[in-house]
Each structure stands twice: as C-alpha cells, then as structure tokens.
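Asks: Quick one, protein.txt (compact mmCIF, C-alpha atoms):
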# COMPACT_ATOMS: atom_id res chain seq x y z
CA MET A 1 4.92 -92.24 -37.75
CA SER A 2 7.02 -90.64 -40.42
CA LYS A 3 4.72 -87.74 -41.18
CA PRO A 4 1.49 -86.45 -39.63
CA ASN A 5 -1.24 -88.14 -41.54
CA ALA A 6 -4.57 -86.36 -41.51
CA ALA A 7 -6.30 -89.51 -42.68
CA ARG A 8 -5.47 -91.20 -39.37
CA PHE A 9 -7.85 -88.82 -37.67
CA LEU A 10 -10.59 -89.46 -40.16
CA PRO A 11 -12.32 -92.14 -38.03
CA LEU A 12 -12.26 -89.76 -35.09
CA ALA A 13 -13.72 -87.00 -37.23
CA ILE A 14 -16.46 -89.31 -38.50
CA PHE A 15 -17.18 -90.43 -34.95
CA ALA A 16 -17.39 -86.83 -33.78
CA ALA A 17 -19.69 -85.90 -36.66
CA LEU A 18 -21.98 -88.86 -35.91
CA ALA A 19 -21.98 -88.08 -32.19
CA LEU A 20 -22.92 -84.50 -32.99
CA LEU A 21 -25.72 -85.66 -35.27
CA LEU A 22 -27.11 -88.00 -32.60
CA ALA A 23 -26.80 -85.31 -29.94
CA ALA A 24 -28.73 -82.95 -32.21
CA GLY A 25 -31.42 -85.63 -32.57
CA VAL A 26 -31.67 -86.03 -28.80
CA TRP A 27 -31.74 -82.25 -28.39
CA LEU A 28 -34.52 -81.84 -30.94
CA SER A 29 -36.57 -84.63 -29.41
CA ARG A 30 -36.83 -82.58 -26.21
CA ASN A 31 -39.37 -80.40 -27.96
CA PRO A 32 -42.80 -81.67 -26.89
CA ASP A 33 -44.29 -80.30 -30.11
CA ARG A 34 -42.01 -82.31 -32.34
CA GLU A 35 -44.87 -84.43 -33.61
CA ALA A 36 -47.04 -81.45 -34.48
CA LEU A 37 -47.27 -80.98 -38.20
CA PRO A 38 -46.77 -77.50 -39.56
CA SER A 39 -50.05 -76.51 -41.15
CA PRO A 40 -49.90 -75.53 -44.81
CA LEU A 41 -52.99 -73.42 -44.13
CA ILE A 42 -51.23 -70.69 -42.14
CA ASP A 43 -51.74 -67.33 -43.86
CA LYS A 44 -54.25 -68.92 -46.24
CA PRO A 45 -58.01 -68.40 -46.26
CA ALA A 46 -59.71 -70.74 -43.84
CA PRO A 47 -61.57 -73.56 -45.59
CA ALA A 48 -65.27 -72.87 -45.95
CA PHE A 49 -67.66 -74.97 -43.92
CA ALA A 50 -71.35 -75.21 -43.19
CA LEU A 51 -71.91 -76.96 -39.87
CA PRO A 52 -74.79 -77.25 -37.42
CA VAL A 53 -74.59 -75.46 -34.10
CA LEU A 54 -74.22 -77.97 -31.29
CA HIS A 55 -76.88 -76.37 -29.11
CA GLU A 56 -79.30 -75.73 -31.98
CA PRO A 57 -78.93 -78.61 -34.45
CA GLY A 58 -81.42 -76.96 -36.82
CA ARG A 59 -79.19 -73.92 -37.29
CA THR A 60 -76.25 -74.06 -39.67
CA VAL A 61 -73.38 -71.60 -39.58
CA THR A 62 -70.77 -70.98 -42.24
CA LEU A 63 -67.35 -69.41 -42.14
CA ALA A 64 -68.81 -66.23 -43.65
CA ASP A 65 -70.91 -65.78 -40.50
CA PHE A 66 -67.72 -65.16 -38.51
CA ARG A 67 -66.36 -62.40 -40.72
CA GLY A 68 -65.65 -58.96 -39.34
CA ALA A 69 -63.69 -59.87 -36.24
CA PRO A 70 -61.06 -62.49 -35.46
CA PHE A 71 -62.03 -65.71 -33.77
CA VAL A 72 -60.30 -68.65 -32.15
CA LEU A 73 -61.41 -72.07 -33.32
CA ASN A 74 -60.75 -74.77 -30.74
CA VAL A 75 -61.13 -78.40 -31.77
CA TRP A 76 -62.35 -80.67 -29.01
CA GLY A 77 -64.32 -83.81 -28.29
CA SER A 78 -65.78 -85.35 -25.18
CA TRP A 79 -63.69 -88.44 -26.03
CA CYS A 80 -60.45 -86.46 -25.80
CA PRO A 81 -58.68 -86.56 -22.40
CA SER A 82 -56.27 -83.74 -23.30
CA CYS A 83 -59.25 -81.50 -24.03
CA ARG A 84 -60.31 -82.01 -20.43
CA ASP A 85 -56.83 -80.89 -19.32
CA GLU A 86 -57.04 -77.88 -21.59
CA HIS A 87 -60.49 -76.84 -20.48
CA PRO A 88 -59.57 -74.70 -17.44
CA VAL A 89 -56.95 -72.86 -19.52
CA LEU A 90 -59.53 -72.15 -22.22
CA THR A 91 -62.02 -71.02 -19.61
CA ARG A 92 -59.55 -68.56 -18.11
CA PHE A 93 -58.77 -67.19 -21.56
CA ALA A 94 -62.44 -66.96 -22.54
CA GLU A 95 -63.14 -64.94 -19.40
CA THR A 96 -60.79 -62.20 -20.61
CA LYS A 97 -63.25 -61.72 -23.51
CA ARG A 98 -60.32 -60.90 -25.74
CA VAL A 99 -61.65 -62.76 -28.77
CA ARG A 100 -64.60 -64.88 -29.82
CA MET A 101 -63.99 -68.54 -28.99
CA VAL A 102 -65.62 -70.96 -31.36
CA GLY A 103 -65.72 -74.59 -30.32
CA PHE A 104 -65.29 -77.20 -33.03
CA ASN A 105 -66.86 -80.36 -31.66
CA TRP A 106 -65.14 -83.08 -33.66
CA LYS A 107 -66.58 -86.54 -34.31
CA ASP A 108 -68.56 -86.52 -31.14
CA ASP A 109 -71.93 -87.73 -30.02
CA ARG A 110 -74.19 -84.71 -29.50
CA GLU A 111 -75.45 -85.98 -26.14
CA ASP A 112 -71.91 -86.65 -24.91
CA ALA A 113 -70.73 -83.24 -26.05
CA LEU A 114 -73.59 -81.42 -24.34
CA ARG A 115 -73.09 -83.42 -21.15
CA TRP A 116 -69.36 -82.60 -21.24
CA LEU A 117 -70.05 -78.87 -21.54
CA GLY A 118 -72.72 -79.10 -18.85
CA GLN A 119 -70.31 -80.80 -16.49
CA PHE A 120 -67.19 -78.71 -17.04
CA GLY A 121 -68.68 -75.43 -18.25
CA ASN A 122 -68.93 -73.91 -21.70
CA PRO A 123 -66.14 -71.47 -22.48
CA TYR A 124 -67.30 -71.07 -26.07
CA TRP A 125 -69.17 -68.26 -27.73
CA LEU A 126 -70.56 -70.80 -30.17
CA VAL A 127 -69.94 -74.50 -30.79
CA VAL A 128 -70.20 -76.08 -34.21
CA ALA A 129 -70.50 -79.86 -34.54
CA ASP A 130 -68.63 -81.85 -37.20
CA VAL A 131 -69.99 -85.31 -36.61
CA GLU A 132 -68.70 -86.82 -39.84
CA GLY A 133 -65.31 -85.15 -39.76
CA LYS A 134 -65.49 -83.85 -43.34
CA ALA A 135 -64.88 -80.22 -42.44
CA ALA A 136 -62.08 -81.33 -40.13
CA ILE A 137 -60.25 -82.85 -43.09
CA ASP A 138 -60.53 -79.57 -44.99
CA TRP A 139 -58.96 -77.79 -42.03
CA GLY A 140 -56.14 -80.31 -41.81
CA ILE A 141 -57.26 -81.33 -38.34
CA TYR A 142 -55.80 -84.65 -37.20
CA GLY A 143 -55.93 -84.67 -33.42
CA ALA A 144 -57.65 -82.90 -30.62
CA PRO A 145 -57.19 -80.45 -29.14
CA GLU A 146 -56.09 -78.17 -31.93
CA THR A 147 -56.50 -74.42 -31.94
CA PHE A 148 -56.62 -71.98 -34.86
CA LEU A 149 -56.60 -68.20 -34.88
CA VAL A 150 -58.58 -66.79 -37.80
CA ASP A 151 -58.53 -63.08 -38.57
CA ALA A 152 -61.42 -60.78 -39.45
CA ASN A 153 -61.04 -61.61 -43.16
CA GLY A 154 -61.15 -65.34 -42.61
CA VAL A 155 -57.41 -65.96 -42.97
CA ILE A 156 -55.78 -68.51 -40.66
CA ARG A 157 -53.00 -66.73 -38.79
CA TRP A 158 -51.86 -69.20 -36.15
CA LYS A 159 -52.32 -72.79 -35.19
CA HIS A 160 -51.39 -74.98 -32.26
CA VAL A 161 -51.69 -78.76 -32.03
CA GLY A 162 -52.11 -80.12 -28.54
CA PRO A 163 -53.48 -78.58 -25.36
CA LEU A 164 -53.09 -74.83 -24.89
CA THR A 165 -51.32 -73.64 -21.78
CA ASP A 166 -51.38 -70.22 -20.14
CA ALA A 167 -47.78 -69.72 -21.30
CA LEU A 168 -48.72 -70.54 -24.91
CA ILE A 169 -51.67 -68.18 -24.83
CA GLN A 170 -49.57 -65.33 -23.42
CA GLY A 171 -46.51 -66.10 -25.50
CA GLU A 172 -48.05 -66.90 -28.87
CA LEU A 173 -51.80 -66.54 -29.19
CA VAL A 174 -52.19 -63.08 -27.64
CA PRO A 175 -49.25 -61.58 -29.60
CA ALA A 176 -50.67 -63.07 -32.81
CA LEU A 177 -54.02 -61.57 -31.89
CA ASP A 178 -52.46 -58.18 -31.11
CA ALA A 179 -50.87 -58.21 -34.54
CA ILE A 180 -54.20 -58.59 -36.35
CA ASP A 181 -56.54 -56.90 -33.89
CA PRO A 182 -54.84 -54.11 -31.96
CA GLN A 183 -57.96 -53.07 -30.04
CA PRO A 184 -58.52 -55.40 -27.12
CA GLY A 185 -62.15 -55.99 -26.43
CA ALA A 186 -63.25 -54.98 -29.90
CA ALA A 187 -64.69 -58.41 -30.46
CA ARG A 188 -67.92 -59.56 -28.85
CA MET B 1 -54.10 -101.62 -11.07
CA THR B 2 -50.64 -100.44 -12.06
CA ALA B 3 -51.54 -101.04 -15.68
CA ALA B 4 -54.70 -98.98 -15.34
CA LEU B 5 -52.74 -96.19 -13.71
CA LEU B 6 -50.14 -96.26 -16.46
CA LEU B 7 -52.87 -96.19 -19.07
CA ALA B 8 -54.50 -93.21 -17.38
CA LEU B 9 -51.14 -91.44 -17.27
CA ALA B 10 -50.49 -92.23 -20.92
CA LEU B 11 -53.91 -90.96 -21.93
CA GLY B 12 -53.58 -87.86 -19.81
CA SER B 13 -50.18 -86.84 -21.17
CA GLY B 14 -49.98 -83.53 -22.90
CA GLU B 15 -50.12 -84.78 -26.45
CA ALA B 16 -52.84 -84.24 -28.99
CA LYS B 17 -55.03 -87.28 -29.23
CA ALA B 18 -57.04 -88.96 -31.89
CA GLN B 19 -59.72 -91.43 -31.13
CA VAL B 20 -58.65 -94.97 -31.64
CA GLY B 21 -60.79 -96.04 -34.48
CA THR B 22 -64.00 -97.84 -34.52
CA ASP B 23 -64.84 -97.96 -38.17
CA VAL B 24 -68.59 -97.64 -38.40
CA ALA B 25 -68.70 -98.23 -42.14
CA PRO B 26 -65.99 -100.58 -43.40
CA LEU B 27 -64.82 -99.78 -46.89
CA GLU B 28 -66.42 -101.76 -49.63
CA PHE B 29 -64.81 -101.92 -53.02
CA ARG B 30 -66.62 -102.21 -56.29
CA ASP B 31 -64.04 -104.44 -57.89
CA ALA B 32 -60.51 -105.76 -57.54
CA ARG B 33 -59.07 -102.99 -59.68
CA GLU B 34 -60.46 -100.30 -57.43
CA GLU B 35 -59.23 -102.15 -54.37
CA ALA B 36 -55.71 -102.55 -55.79
CA ARG B 37 -55.52 -98.87 -56.71
CA PHE B 38 -56.80 -97.86 -53.29
CA HIS B 39 -54.27 -100.00 -51.45
CA ALA B 40 -51.41 -98.77 -53.60
CA LEU B 41 -52.44 -95.20 -52.89
CA VAL B 42 -52.97 -95.41 -49.12
CA SER B 43 -49.73 -97.30 -48.60
CA GLU B 44 -47.91 -94.29 -50.04
CA LEU B 45 -49.65 -91.88 -47.69
CA ARG B 46 -48.57 -91.34 -44.13
CA CYS B 47 -50.99 -91.34 -41.24
CA VAL B 48 -50.95 -87.77 -39.92
CA MET B 49 -51.68 -88.86 -36.38
CA CYS B 50 -49.39 -91.81 -35.85
CA GLN B 51 -46.70 -90.63 -38.21
CA ASN B 52 -44.77 -93.87 -38.30
CA GLN B 53 -47.54 -95.77 -40.00
CA SER B 54 -48.99 -95.53 -43.43
CA LEU B 55 -52.57 -94.52 -43.90
CA ALA B 56 -53.22 -98.14 -44.84
CA ASP B 57 -51.98 -99.53 -41.51
CA SER B 58 -53.18 -97.00 -38.99
CA ASN B 59 -56.06 -97.49 -36.59
CA ALA B 60 -56.40 -93.84 -35.62
CA GLN B 61 -59.84 -92.40 -36.20
CA ILE B 62 -58.43 -89.79 -38.55
CA ALA B 63 -56.90 -92.58 -40.64
CA PHE B 64 -60.34 -94.20 -41.03
CA ASP B 65 -61.74 -90.84 -42.05
CA LEU B 66 -58.94 -90.15 -44.50
CA ARG B 67 -59.26 -93.61 -46.05
CA HIS B 68 -62.94 -92.93 -46.62
CA GLU B 69 -62.04 -89.56 -48.08
CA VAL B 70 -59.47 -91.11 -50.42
CA LEU B 71 -62.00 -93.67 -51.65
CA ASP B 72 -64.60 -90.93 -52.14
CA LEU B 73 -62.13 -88.86 -54.12
CA MET B 74 -61.25 -91.88 -56.27
CA ARG B 75 -64.92 -92.37 -57.02
CA GLU B 76 -65.23 -88.71 -57.95
CA GLY B 77 -62.83 -89.58 -60.71
CA ARG B 78 -59.74 -87.83 -59.38
CA THR B 79 -56.34 -89.10 -60.34
CA ASP B 80 -53.80 -90.35 -57.80
CA ALA B 81 -51.84 -87.12 -58.23
CA GLN B 82 -54.95 -85.03 -57.58
CA ILE B 83 -55.76 -87.02 -54.46
CA LYS B 84 -52.22 -86.50 -53.17
CA ASP B 85 -52.51 -82.78 -53.93
CA PHE B 86 -55.77 -82.70 -51.98
CA LEU B 87 -54.08 -84.16 -48.90
CA VAL B 88 -50.90 -82.10 -49.25
CA ALA B 89 -52.98 -78.91 -49.41
CA ARG B 90 -54.50 -79.82 -46.04
CA TYR B 91 -51.81 -81.68 -44.14
CA GLY B 92 -48.61 -80.62 -45.90
CA GLU B 93 -45.89 -82.48 -47.74
CA PHE B 94 -45.59 -84.70 -44.68
CA VAL B 95 -48.39 -87.00 -45.82
CA LEU B 96 -46.33 -88.24 -48.73
CA TYR B 97 -43.91 -91.04 -48.02
CA ARG B 98 -42.11 -90.05 -51.19
CA PRO B 99 -41.69 -86.29 -50.99
CA ARG B 100 -41.63 -84.35 -54.21
CA VAL B 101 -38.40 -82.99 -55.65
CA GLU B 102 -38.53 -79.27 -54.96
CA THR B 103 -36.35 -76.59 -53.39
CA ARG B 104 -37.17 -77.64 -49.84
CA THR B 105 -36.59 -81.33 -50.43
CA TRP B 106 -33.62 -81.50 -52.81
CA LEU B 107 -31.23 -82.24 -49.92
CA LEU B 108 -33.45 -85.14 -48.92
CA TRP B 109 -33.28 -86.57 -52.42
CA LEU B 110 -29.66 -85.78 -53.29
CA GLY B 111 -28.17 -85.99 -49.77
CA PRO B 112 -27.45 -89.74 -49.75
CA GLY B 113 -25.86 -89.53 -53.21
CA LEU B 114 -23.73 -86.56 -52.14
CA LEU B 115 -22.61 -88.42 -49.00
CA LEU B 116 -21.73 -91.50 -51.07
CA LEU B 117 -19.75 -89.35 -53.50
CA GLY B 118 -17.94 -87.62 -50.64
CA GLY B 119 -17.13 -90.95 -48.96
CA GLY B 120 -15.90 -92.42 -52.23
CA PHE B 121 -13.67 -89.40 -52.76
CA VAL B 122 -12.12 -89.75 -49.28
CA VAL B 123 -11.55 -93.49 -49.72
CA ALA B 124 -9.97 -92.93 -53.12
CA ARG B 125 -7.59 -90.36 -51.66
CA ILE B 126 -6.54 -92.64 -48.80
CA VAL B 127 -5.96 -95.57 -51.12
CA ARG B 128 -3.91 -93.43 -53.49
CA ARG B 129 -1.77 -92.03 -50.66
CA ARG B 130 -1.12 -95.49 -49.21
CA SER B 131 -0.05 -96.91 -52.53
CA SER B 132 2.42 -94.02 -53.04
CA SER B 133 4.00 -94.35 -49.56
CA PRO B 134 3.93 -98.04 -48.61
CA VAL B 135 2.82 -98.52 -45.05
CA ALA B 136 4.92 -101.70 -44.66
CA ASP B 137 8.13 -99.60 -44.52
CA ASP B 138 6.98 -97.74 -41.46
CA ALA B 139 8.17 -99.69 -38.42
CA SER B 140 6.12 -97.63 -35.96
CA GLN B 141 2.94 -98.38 -37.84
CA GLU B 142 0.96 -101.00 -35.98
CA TRP B 143 -1.71 -101.56 -38.53
Written as structure tokens, how would this file's structure read?
Replies:
Amino acid sequence: MSKPNAARFLPLAIFAALALLLAAGVWLSRNPDREALPSPLIDKPAPAFALPVLHEPGRTVTLADFRGAPFVLNVWGSWCPSCRDEHPVLTRFAETKRVRMVGFNWKDDREDALRWLGQFGNPYWLVVADVEGKAAIDWGIYGAPETFLVDANGVIRWKHVGPLTDALIQGELVPALDAIDPQPGAAR
Amino acid sequence: MTAALLLALALGSGEAKAQVGTDVAPLEFRDAREEARFHALVSELRCVMCQNQSLADSNAQIAFDLRHEVLDLMREGRTDAQIKDFLVARYGEFVLYRPRVETRTWLLWLGPGLLLLGGGFVVARIVRRRSSSPVADDASQEW
C-alpha cells in the first residue's frame, strides 16, 4: 500500500455504525414499556364523560363530579388477565388512602364485572362503566390495564399503560401525586 | 397441555391487553363510495394495540371500536383530515402510517434522502481518487 487510504476502512466504519445501530435496537427493546404509546393527553384537560356507576346503573357521573381533589383512573375489565395480576398492587395502594381510586370498567358485562369485584375485592372508591367504549376512545385508551392520574382541576398529569407494580407506584405515581397534592390524606 | 400452559403464560405476561375482537355489529356500508373511502382511510391508520397492523387488518377489540368510530365520524360529515386529527388528538401521531412533516418528524422524512446524498458523496470521492491514482500500479493491492 503506497499511502494510507482512509477509504479502505470505510467498510469497517459502516459495519461498526450498523452494529452500533443494531445494538441500540436490542438495547431499547429491553424496555418492557416499549409498546406503550405516549399519550398526547398528558398535561391536557381530561376528556369529559358521562358514564353510569357500575354499582348503581341508574346514576350517571361526569368528570366535573371529581373536581376538587386529584383522582387515579384505573382502566380494567373482567376479561383482562393482566388486571387480575395488577389487582393486589392496586389494593395495597388503595389501602394507603392516598388518593381517590376510580375504576373505569371498560367494555365489560356488568354481571361479570360485579362478580370479578366480589371475588377479588373492590379497591375502588367508585367504578364507572363504559360498556360501549366511546369514552375510552376519547381518553385514548387502547388496552387494559391503563392508569391515569388526574389533578384537582381535571388535568391529566400522568399515565401508565400496563399493570402497575409497587415500584411504579412508589417511583412514579406517588411523586407525581406529591407534585400536585402535597398534603397526603387530603383526599377522601 | 403444554400448549394450554404456554397460552396461559402468554396471556398472563405483564403486557397491556385488549380483548380479541368479537364484532357484535359488523359494519354496513351505504354504498360502494362510502366503503371505498372507509377502506382507504382505515388502511392508513395504525392499530394502536397491535401496532404492526393497520386499523383495517386488526382483530383487537379496540380496532373494531375505532373502525366503528371512523365510520360514525365519516357519517357526521367529517373530512379524512378531520378524522385523522380526531385520532391523533387521542392516540398521538403514532396512529398515522404517514406521519406529518413537522419539527419532530423532519428527520424521518428527510433522513433517507440525506443518507442517500451522503452515500453518493462518499462513492463519488472514492471513484475520483481511484481514477487519479490507478490501483493497477500498486503491486501490493490485492483487489
């Protein structure tokens, strides 16, 4: 070789760049939440709804009824196996009475939903039922479980897609709650 | 037995789930024009649950619901652009198979062109250098 030719190393450089790219892809795919869509509704007013209460089908509640204190909206269905996994975590969190927990019973049969709560316990302060799934579309809900944190003014502050864990509650939900509602136990 | 166990494991995994659809009310179109417009629209929208399928192809429950919603919105007289806006406002830019050109997506749109330009530039430089110093004269060169 008469003179060092940078171009000779070009294939190596391209290979290294590609290898890096693929490694980054593998690295990113380790994140179990990689399929969760970021919600465009974060820091926006929660979509209005008027839904019947699961336990009292004659009574309808709207978003305005929840104003004044933050609440956690948890989307679940008796058809959803991950919701069953999440249930003990939710129950533990509900027992701390840190915030109102509103259940959003999504596309469920009323009888099935009531039986589910009867069997596993009801961690919710109130459960609304969206049988048709219209309100769910407004909230950008696409799977269950999903969990939203809504502040006292009805603004969505945090969202998680997939089952909550104790670590998630301590690491994300409670800090988000502290940021909007510094007095523990003020709700309820 | 093993299959049932695997299925149970798959269902019990930590991911968010959507019901696999049972469409209670199949879509009925008023005419061929409406049907063609509907199919064109839903094939450009991504299923939010399955993510590698279009809204037209997916069997997730949410896809059934969203297809109904899209048809309802069409019948309310909304334009295709308005229907896309409706879904983007709820589910984000992700629902569009063809993202819009904006600050967050310009790399997506221009990236392939920039790469092609860069590659062309490198190739042009190599070709020019080779033609100015003929490789054939270099005895140590094996290729």
Asks: Closest to Gly162 in chain A among A:Asn122, A:Thr147, A:Ser29, A:Thr60, using all atoms listed in the file?
Replies: A:Thr147
Asks: Counting all atoms listed in the file, a student should be able to say which residues of chain A come within 8 Å of chain B; what is the right answer, written as a ChimeraX atom specification?
Replies: /A:1-2,7,32,35,37-41,79-82,85,133,137-146,161-163
Asks: If you measure from CA of Asp166 in chain A to CA of Pro47 in chain A, what distance in Å do you get, rounded to one decimal?
Replies: 27.6 Å
Asks: Which residues, written as an MDAnalysis selection string, have at least one atom at most 12 Å from Leu51 in chain A, with all atoms listed in the file counted and residues fewer than 6 positions away on the same chain left out?
Replies: chainID A and resid 57:65 103:106 126:136
Asks: Rounded to one decimal, what separation in Å do you get between CA of Val70 in chain B and CA of Phe38 in chain B?
Replies: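 Distance between the two atoms: 7.8 Å.
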Asks: Would you kindly return, as a PyMOL selection string, each protein, DNA or RNA residue with an atom no farther than 7 Å from any atom of Arg46 in chain B, considering only C-alpha atoms and excluding same-chain residues fewer than 4 positions away?
Replies: chain B and resi 51+53-55+95-97
Asks: Rounded to one decimal, what separation in Å do you get between CA of Ser43 in chain B and CA of Asp57 in chain B?
Replies: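 According to the coordinates, CA of Ser43 in chain B and CA of Asp57 in chain B are separated by 7.8 Å.
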Asks: Between B:Val101, B:Leu108, B:Val127, B:Leu41, which one has atoms that come closest to Thr79 in chain B, using only C-alpha atoms?
Replies: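 Looking only at the distances to Thr79 in chain B, the closest residue turns out to be B:Leu41.
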Asks: For Val150 in chain A, list every protein, DNA or RNA residue within 9 Å, evaluated using only C-alpha atoms, and leave out those in the same chain fewer than 3 positions away; present the list as JSON, numbers by chain.
Replies: {"A": [45, 46, 69, 70, 71, 72, 73, 153, 154, 155, 156, 157, 158]}
Asks: Of the candidates B:Asn59, B:Phe64, B:Leu110, B:Leu71, which shows the shortest atom-to-atom distance to Ala36 in chain B, using only C-alpha atoms?
Replies: B:Leu71
Asks: Could you check which of B:Glu28, B:Asp80, B:Asp72, B:Glu102 is closest to Glu44 in chain B, using only C-alpha atoms?
Replies: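 The answer is B:Asp80, which sits nearest to Glu44 in chain B.
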